[in-house]
$ cat target.pdb   # PDB, C-alpha atoms
MODEL        1
ATOM      1  CA  MET X   1     -12.867   3.533 -75.294
ATOM      2  CA  ALA X   2     -10.619   6.260 -76.661
ATOM      3  CA  ARG X   3      -8.318   3.666 -78.214
ATOM      4  CA  ASP X   4     -11.147   2.556 -80.508
ATOM      5  CA  MET X   5     -11.829   6.093 -81.746
ATOM      6  CA  SER X   6     -10.171   8.091 -84.458
ATOM      7  CA  ASP X   7      -8.425  11.383 -83.713
ATOM      8  CA  LYS X   8     -11.302  13.241 -85.324
ATOM      9  CA  GLU X   9     -13.843  11.553 -83.042
ATOM     10  CA  ILE X  10     -11.755  12.298 -79.958
ATOM     11  CA  LEU X  11     -11.442  15.963 -80.942
ATOM     12  CA  LYS X  12     -15.207  16.129 -81.538
ATOM     13  CA  MET X  13     -15.834  14.727 -78.051
ATOM     14  CA  GLU X  14     -13.444  17.261 -76.539
ATOM     15  CA  LEU X  15     -15.153  20.084 -78.441
ATOM     16  CA  ASP X  16     -18.578  18.944 -77.226
ATOM     17  CA  GLN X  17     -17.312  18.871 -73.645
ATOM     18  CA  LEU X  18     -15.840  22.366 -73.968
ATOM     19  CA  LYS X  19     -19.159  23.637 -75.359
ATOM     20  CA  LYS X  20     -20.914  22.255 -72.261
ATOM     21  CA  GLU X  21     -18.345  23.784 -69.928
ATOM     22  CA  VAL X  22     -18.479  27.244 -71.506
ATOM     23  CA  SER X  23     -22.200  27.496 -70.721
ATOM     24  CA  THR X  24     -21.694  26.593 -67.058
ATOM     25  CA  PRO X  25     -22.561  29.570 -64.837
ATOM     26  CA  ARG X  26     -19.526  30.771 -62.904
ATOM     27  CA  THR X  27     -19.108  33.005 -59.883
ATOM     28  CA  PRO X  28     -15.987  34.667 -58.510
ATOM     29  CA  VAL X  29     -14.044  32.708 -55.913
ATOM     30  CA  SER X  30     -14.357  35.595 -53.461
ATOM     31  CA  ALA X  31     -18.162  35.353 -53.607
ATOM     32  CA  ASN X  32     -18.075  31.587 -53.117
ATOM     33  CA  CYS X  33     -15.701  31.936 -50.168
ATOM     34  CA  THR X  34     -17.941  34.511 -48.526
ATOM     35  CA  GLU X  35     -20.987  32.264 -48.921
ATOM     36  CA  THR X  36     -19.088  29.254 -47.579
ATOM     37  CA  ILE X  37     -17.811  31.164 -44.543
ATOM     38  CA  THR X  38     -21.324  32.432 -43.782
ATOM     39  CA  PHE X  39     -22.742  28.912 -44.111
ATOM     40  CA  VAL X  40     -20.110  27.340 -41.848
ATOM     41  CA  GLU X  41     -20.402  30.083 -39.221
ATOM     42  CA  GLY X  42     -24.180  29.570 -39.204
ATOM     43  CA  LEU X  43     -23.726  25.895 -38.339
ATOM     44  CA  LEU X  44     -21.007  26.532 -35.754
ATOM     45  CA  PRO X  45     -23.262  26.681 -32.644
ATOM     46  CA  ASN X  46     -24.570  23.142 -33.272
ATOM     47  CA  ASP X  47     -21.322  21.552 -34.434
ATOM     48  CA  PRO X  48     -20.429  18.636 -32.123
ATOM     49  CA  LEU X  49     -16.808  18.736 -33.257
ATOM     50  CA  ILE X  50     -16.490  22.312 -31.966
ATOM     51  CA  LYS X  51     -18.731  22.226 -28.878
ATOM     52  CA  GLY X  52     -18.372  18.572 -27.961
ATOM     53  CA  VAL X  53     -21.145  16.177 -27.065
ATOM     54  CA  SER X  54     -22.797  16.276 -23.673
ATOM     55  CA  ASP X  55     -22.300  13.188 -21.517
ATOM     56  CA  ASP X  56     -25.993  12.302 -21.527
ATOM     57  CA  LYS X  57     -26.099  12.235 -25.356
ATOM     58  CA  ASN X  58     -22.745  10.528 -25.876
ATOM     59  CA  PRO X  59     -23.274   6.805 -26.556
ATOM     60  CA  TYR X  60     -19.567   6.104 -26.053
ATOM     61  CA  LYS X  61     -19.334   7.696 -22.605
ATOM     62  CA  GLY X  62     -20.153   5.895 -19.406
ATOM     63  CA  ASP X  63     -19.369   2.795 -17.469
ATOM     64  CA  LYS X  64     -19.128   0.442 -20.426
ATOM     65  CA  GLY X  65     -15.508  -0.215 -19.659
ATOM     66  CA  GLY X  66     -12.679   0.428 -21.947
ATOM     67  CA  CYS X  67     -10.210  -1.170 -24.250
ATOM     68  CA  VAL X  68      -6.638  -1.826 -23.305
ATOM     69  CA  VAL X  69      -4.114  -2.618 -26.008
ATOM     70  CA  THR X  70      -1.119  -4.516 -24.738
TER      71      THR X  70
ENDMDL
END
$ encode --input "target.pdb" --output "structure tokens"
Amino acid sequence: MARDMSDKEILKMELDQLKKEVSTPRTPVSANCTETITFVEGLLPNDPLIKGVSDDKNPYKGDKGGCVVT
């Protein structure tokens, strides 16, 4: 697409994009990190990767046999 455009058209597109980006609301990284940490810590008690899955709720646990790679 850019190959079919003149330099002036490409610069106009870039300028339009920069105008959109300058109006984007921004927050400090420290504030975003604090919010992310709070969010993740709030979900921690129910996270199956941290706590594990109980045997009665684990569909892969049981006497289904196993797989042996030889």
$ axis_aligned_box --input "target.pdb" --around "region 28-39 of chain X" --padding-each-side "3 Å" --output "JSON"
{"center_x": -18.4, "center_y": 32.3, "center_z": -51.1, "size_x": 14.7, "size_y": 12.7, "size_z": 20.7}
$ atom_distance --input "target.pdb" --atom1 "CA of Glu21 (chain X)" --atom2 "CA of Asp4 (chain X)"
24.8 Å
$ atom_distance --input "target.pdb" --atom1 "CA of Ser23 (chain X)" --atom2 "CA of Met5 (chain X)"
26.2 Å
$ atom_distance --input "target.pdb" --atom1 "CA of Val68 (chain X)" --atom2 "CA of Asp47 (chain X)"
29.8 Å
$ build_atoms --input "target.pdb" --residues "region 17-28 of chain X" --atoms "all heavy atoms" --output "PDB file, keeping the file's coordinate frame"
ATOM      1  N   GLN X  17     -17.486  18.648 -75.084  1.00  0.00           N
ATOM      2  CA  GLN X  17     -17.312  18.871 -73.645  1.00  0.00           C
ATOM      3  C   GLN X  17     -17.014  20.340 -73.355  1.00  0.00           C
ATOM      4  O   GLN X  17     -17.555  20.924 -72.417  1.00  0.00           O
ATOM      5  CB  GLN X  17     -16.193  17.981 -73.095  1.00  0.00           C
ATOM      6  CG  GLN X  17     -15.951  18.125 -71.622  1.00  0.00           C
ATOM      7  CD  GLN X  17     -17.143  17.710 -70.780  1.00  0.00           C
ATOM      8  OE1 GLN X  17     -17.891  16.801 -71.128  1.00  0.00           O
ATOM      9  NE2 GLN X  17     -17.324  18.397 -69.661  1.00  0.00           N
ATOM     10  N   LEU X  18     -16.161  20.953 -74.158  1.00  0.00           N
ATOM     11  CA  LEU X  18     -15.840  22.366 -73.968  1.00  0.00           C
ATOM     12  C   LEU X  18     -17.061  23.253 -74.181  1.00  0.00           C
ATOM     13  O   LEU X  18     -17.244  24.253 -73.491  1.00  0.00           O
ATOM     14  CB  LEU X  18     -14.695  22.782 -74.889  1.00  0.00           C
ATOM     15  CG  LEU X  18     -13.323  22.216 -74.530  1.00  0.00           C
ATOM     16  CD1 LEU X  18     -12.323  22.541 -75.629  1.00  0.00           C
ATOM     17  CD2 LEU X  18     -12.855  22.759 -73.192  1.00  0.00           C
ATOM     18  N   LYS X  19     -17.922  22.877 -75.135  1.00  0.00           N
ATOM     19  CA  LYS X  19     -19.159  23.637 -75.359  1.00  0.00           C
ATOM     20  C   LYS X  19     -20.065  23.558 -74.136  1.00  0.00           C
ATOM     21  O   LYS X  19     -20.720  24.536 -73.776  1.00  0.00           O
ATOM     22  CB  LYS X  19     -19.888  23.113 -76.592  1.00  0.00           C
ATOM     23  CG  LYS X  19     -19.245  23.529 -77.895  1.00  0.00           C
ATOM     24  CD  LYS X  19     -20.012  22.973 -79.086  1.00  0.00           C
ATOM     25  CE  LYS X  19     -19.348  23.360 -80.398  1.00  0.00           C
ATOM     26  NZ  LYS X  19     -20.053  22.789 -81.562  1.00  0.00           N
ATOM     27  N   LYS X  20     -20.118  22.383 -73.486  1.00  0.00           N
ATOM     28  CA  LYS X  20     -20.914  22.255 -72.261  1.00  0.00           C
ATOM     29  C   LYS X  20     -20.320  23.101 -71.145  1.00  0.00           C
ATOM     30  O   LYS X  20     -21.043  23.764 -70.405  1.00  0.00           O
ATOM     31  CB  LYS X  20     -20.956  20.788 -71.802  1.00  0.00           C
ATOM     32  CG  LYS X  20     -21.780  19.878 -72.665  1.00  0.00           C
ATOM     33  CD  LYS X  20     -21.699  18.453 -72.143  1.00  0.00           C
ATOM     34  CE  LYS X  20     -22.318  17.474 -73.114  1.00  0.00           C
ATOM     35  NZ  LYS X  20     -22.138  16.074 -72.650  1.00  0.00           N
ATOM     36  N   GLU X  21     -19.003  23.067 -71.014  1.00  0.00           N
ATOM     37  CA  GLU X  21     -18.345  23.784 -69.928  1.00  0.00           C
ATOM     38  C   GLU X  21     -18.446  25.290 -70.081  1.00  0.00           C
ATOM     39  O   GLU X  21     -18.521  26.014 -69.084  1.00  0.00           O
ATOM     40  CB  GLU X  21     -16.877  23.361 -69.837  1.00  0.00           C
ATOM     41  CG  GLU X  21     -16.688  21.946 -69.329  1.00  0.00           C
ATOM     42  CD  GLU X  21     -15.242  21.514 -69.307  1.00  0.00           C
ATOM     43  OE1 GLU X  21     -14.348  22.367 -69.456  1.00  0.00           O
ATOM     44  OE2 GLU X  21     -15.002  20.303 -69.140  1.00  0.00           O
ATOM     45  N   VAL X  22     -18.439  25.793 -71.301  1.00  0.00           N
ATOM     46  CA  VAL X  22     -18.479  27.244 -71.506  1.00  0.00           C
ATOM     47  C   VAL X  22     -19.837  27.814 -71.090  1.00  0.00           C
ATOM     48  O   VAL X  22     -19.931  28.977 -70.692  1.00  0.00           O
ATOM     49  CB  VAL X  22     -18.121  27.620 -72.960  1.00  0.00           C
ATOM     50  CG1 VAL X  22     -19.285  27.392 -73.910  1.00  0.00           C
ATOM     51  CG2 VAL X  22     -17.633  29.042 -73.051  1.00  0.00           C
ATOM     52  N   SER X  23     -20.878  27.002 -71.108  1.00  0.00           N
ATOM     53  CA  SER X  23     -22.200  27.496 -70.721  1.00  0.00           C
ATOM     54  C   SER X  23     -22.477  27.317 -69.233  1.00  0.00           C
ATOM     55  O   SER X  23     -23.532  27.710 -68.745  1.00  0.00           O
ATOM     56  CB  SER X  23     -23.286  26.775 -71.531  1.00  0.00           C
ATOM     57  OG  SER X  23     -23.279  25.391 -71.228  1.00  0.00           O
ATOM     58  N   THR X  24     -21.532  26.774 -68.500  1.00  0.00           N
ATOM     59  CA  THR X  24     -21.694  26.593 -67.058  1.00  0.00           C
ATOM     60  C   THR X  24     -21.611  27.956 -66.366  1.00  0.00           C
ATOM     61  O   THR X  24     -20.662  28.701 -66.584  1.00  0.00           O
ATOM     62  CB  THR X  24     -20.585  25.675 -66.500  1.00  0.00           C
ATOM     63  OG1 THR X  24     -20.635  24.430 -67.179  1.00  0.00           O
ATOM     64  CG2 THR X  24     -20.752  25.462 -65.014  1.00  0.00           C
ATOM     65  N   PRO X  25     -22.625  28.280 -65.536  1.00  0.00           N
ATOM     66  CA  PRO X  25     -22.561  29.570 -64.837  1.00  0.00           C
ATOM     67  C   PRO X  25     -21.411  29.577 -63.833  1.00  0.00           C
ATOM     68  O   PRO X  25     -21.186  28.593 -63.131  1.00  0.00           O
ATOM     69  CB  PRO X  25     -23.909  29.675 -64.125  1.00  0.00           C
ATOM     70  CG  PRO X  25     -24.446  28.292 -64.085  1.00  0.00           C
ATOM     71  CD  PRO X  25     -23.821  27.537 -65.214  1.00  0.00           C
ATOM     72  N   ARG X  26     -20.689  30.666 -63.782  1.00  0.00           N
ATOM     73  CA  ARG X  26     -19.526  30.771 -62.904  1.00  0.00           C
ATOM     74  C   ARG X  26     -19.668  32.001 -62.014  1.00  0.00           C
ATOM     75  O   ARG X  26     -20.256  33.004 -62.406  1.00  0.00           O
ATOM     76  CB  ARG X  26     -18.249  30.861 -63.727  1.00  0.00           C
ATOM     77  CG  ARG X  26     -18.090  29.649 -64.643  1.00  0.00           C
ATOM     78  CD  ARG X  26     -16.771  29.643 -65.359  1.00  0.00           C
ATOM     79  NE  ARG X  26     -16.685  28.573 -66.305  1.00  0.00           N
ATOM     80  CZ  ARG X  26     -16.351  27.321 -66.024  1.00  0.00           C
ATOM     81  NH1 ARG X  26     -16.081  26.986 -64.797  1.00  0.00           N
ATOM     82  NH2 ARG X  26     -16.291  26.401 -66.957  1.00  0.00           N
ATOM     83  N   THR X  27     -19.120  31.878 -60.815  1.00  0.00           N
ATOM     84  CA  THR X  27     -19.108  33.005 -59.883  1.00  0.00           C
ATOM     85  C   THR X  27     -17.680  33.208 -59.403  1.00  0.00           C
ATOM     86  O   THR X  27     -16.887  32.269 -59.387  1.00  0.00           O
ATOM     87  CB  THR X  27     -20.021  32.742 -58.672  1.00  0.00           C
ATOM     88  OG1 THR X  27     -19.617  31.524 -58.052  1.00  0.00           O
ATOM     89  CG2 THR X  27     -21.474  32.627 -59.071  1.00  0.00           C
ATOM     90  N   PRO X  28     -17.346  34.417 -58.995  1.00  0.00           N
ATOM     91  CA  PRO X  28     -15.987  34.667 -58.510  1.00  0.00           C
ATOM     92  C   PRO X  28     -15.696  33.860 -57.238  1.00  0.00           C
ATOM     93  O   PRO X  28     -16.590  33.599 -56.434  1.00  0.00           O
ATOM     94  CB  PRO X  28     -15.976  36.155 -58.205  1.00  0.00           C
ATOM     95  CG  PRO X  28     -17.153  36.729 -58.901  1.00  0.00           C
ATOM     96  CD  PRO X  28     -18.148  35.633 -59.057  1.00  0.00           C
TER      97      PRO X  28
END
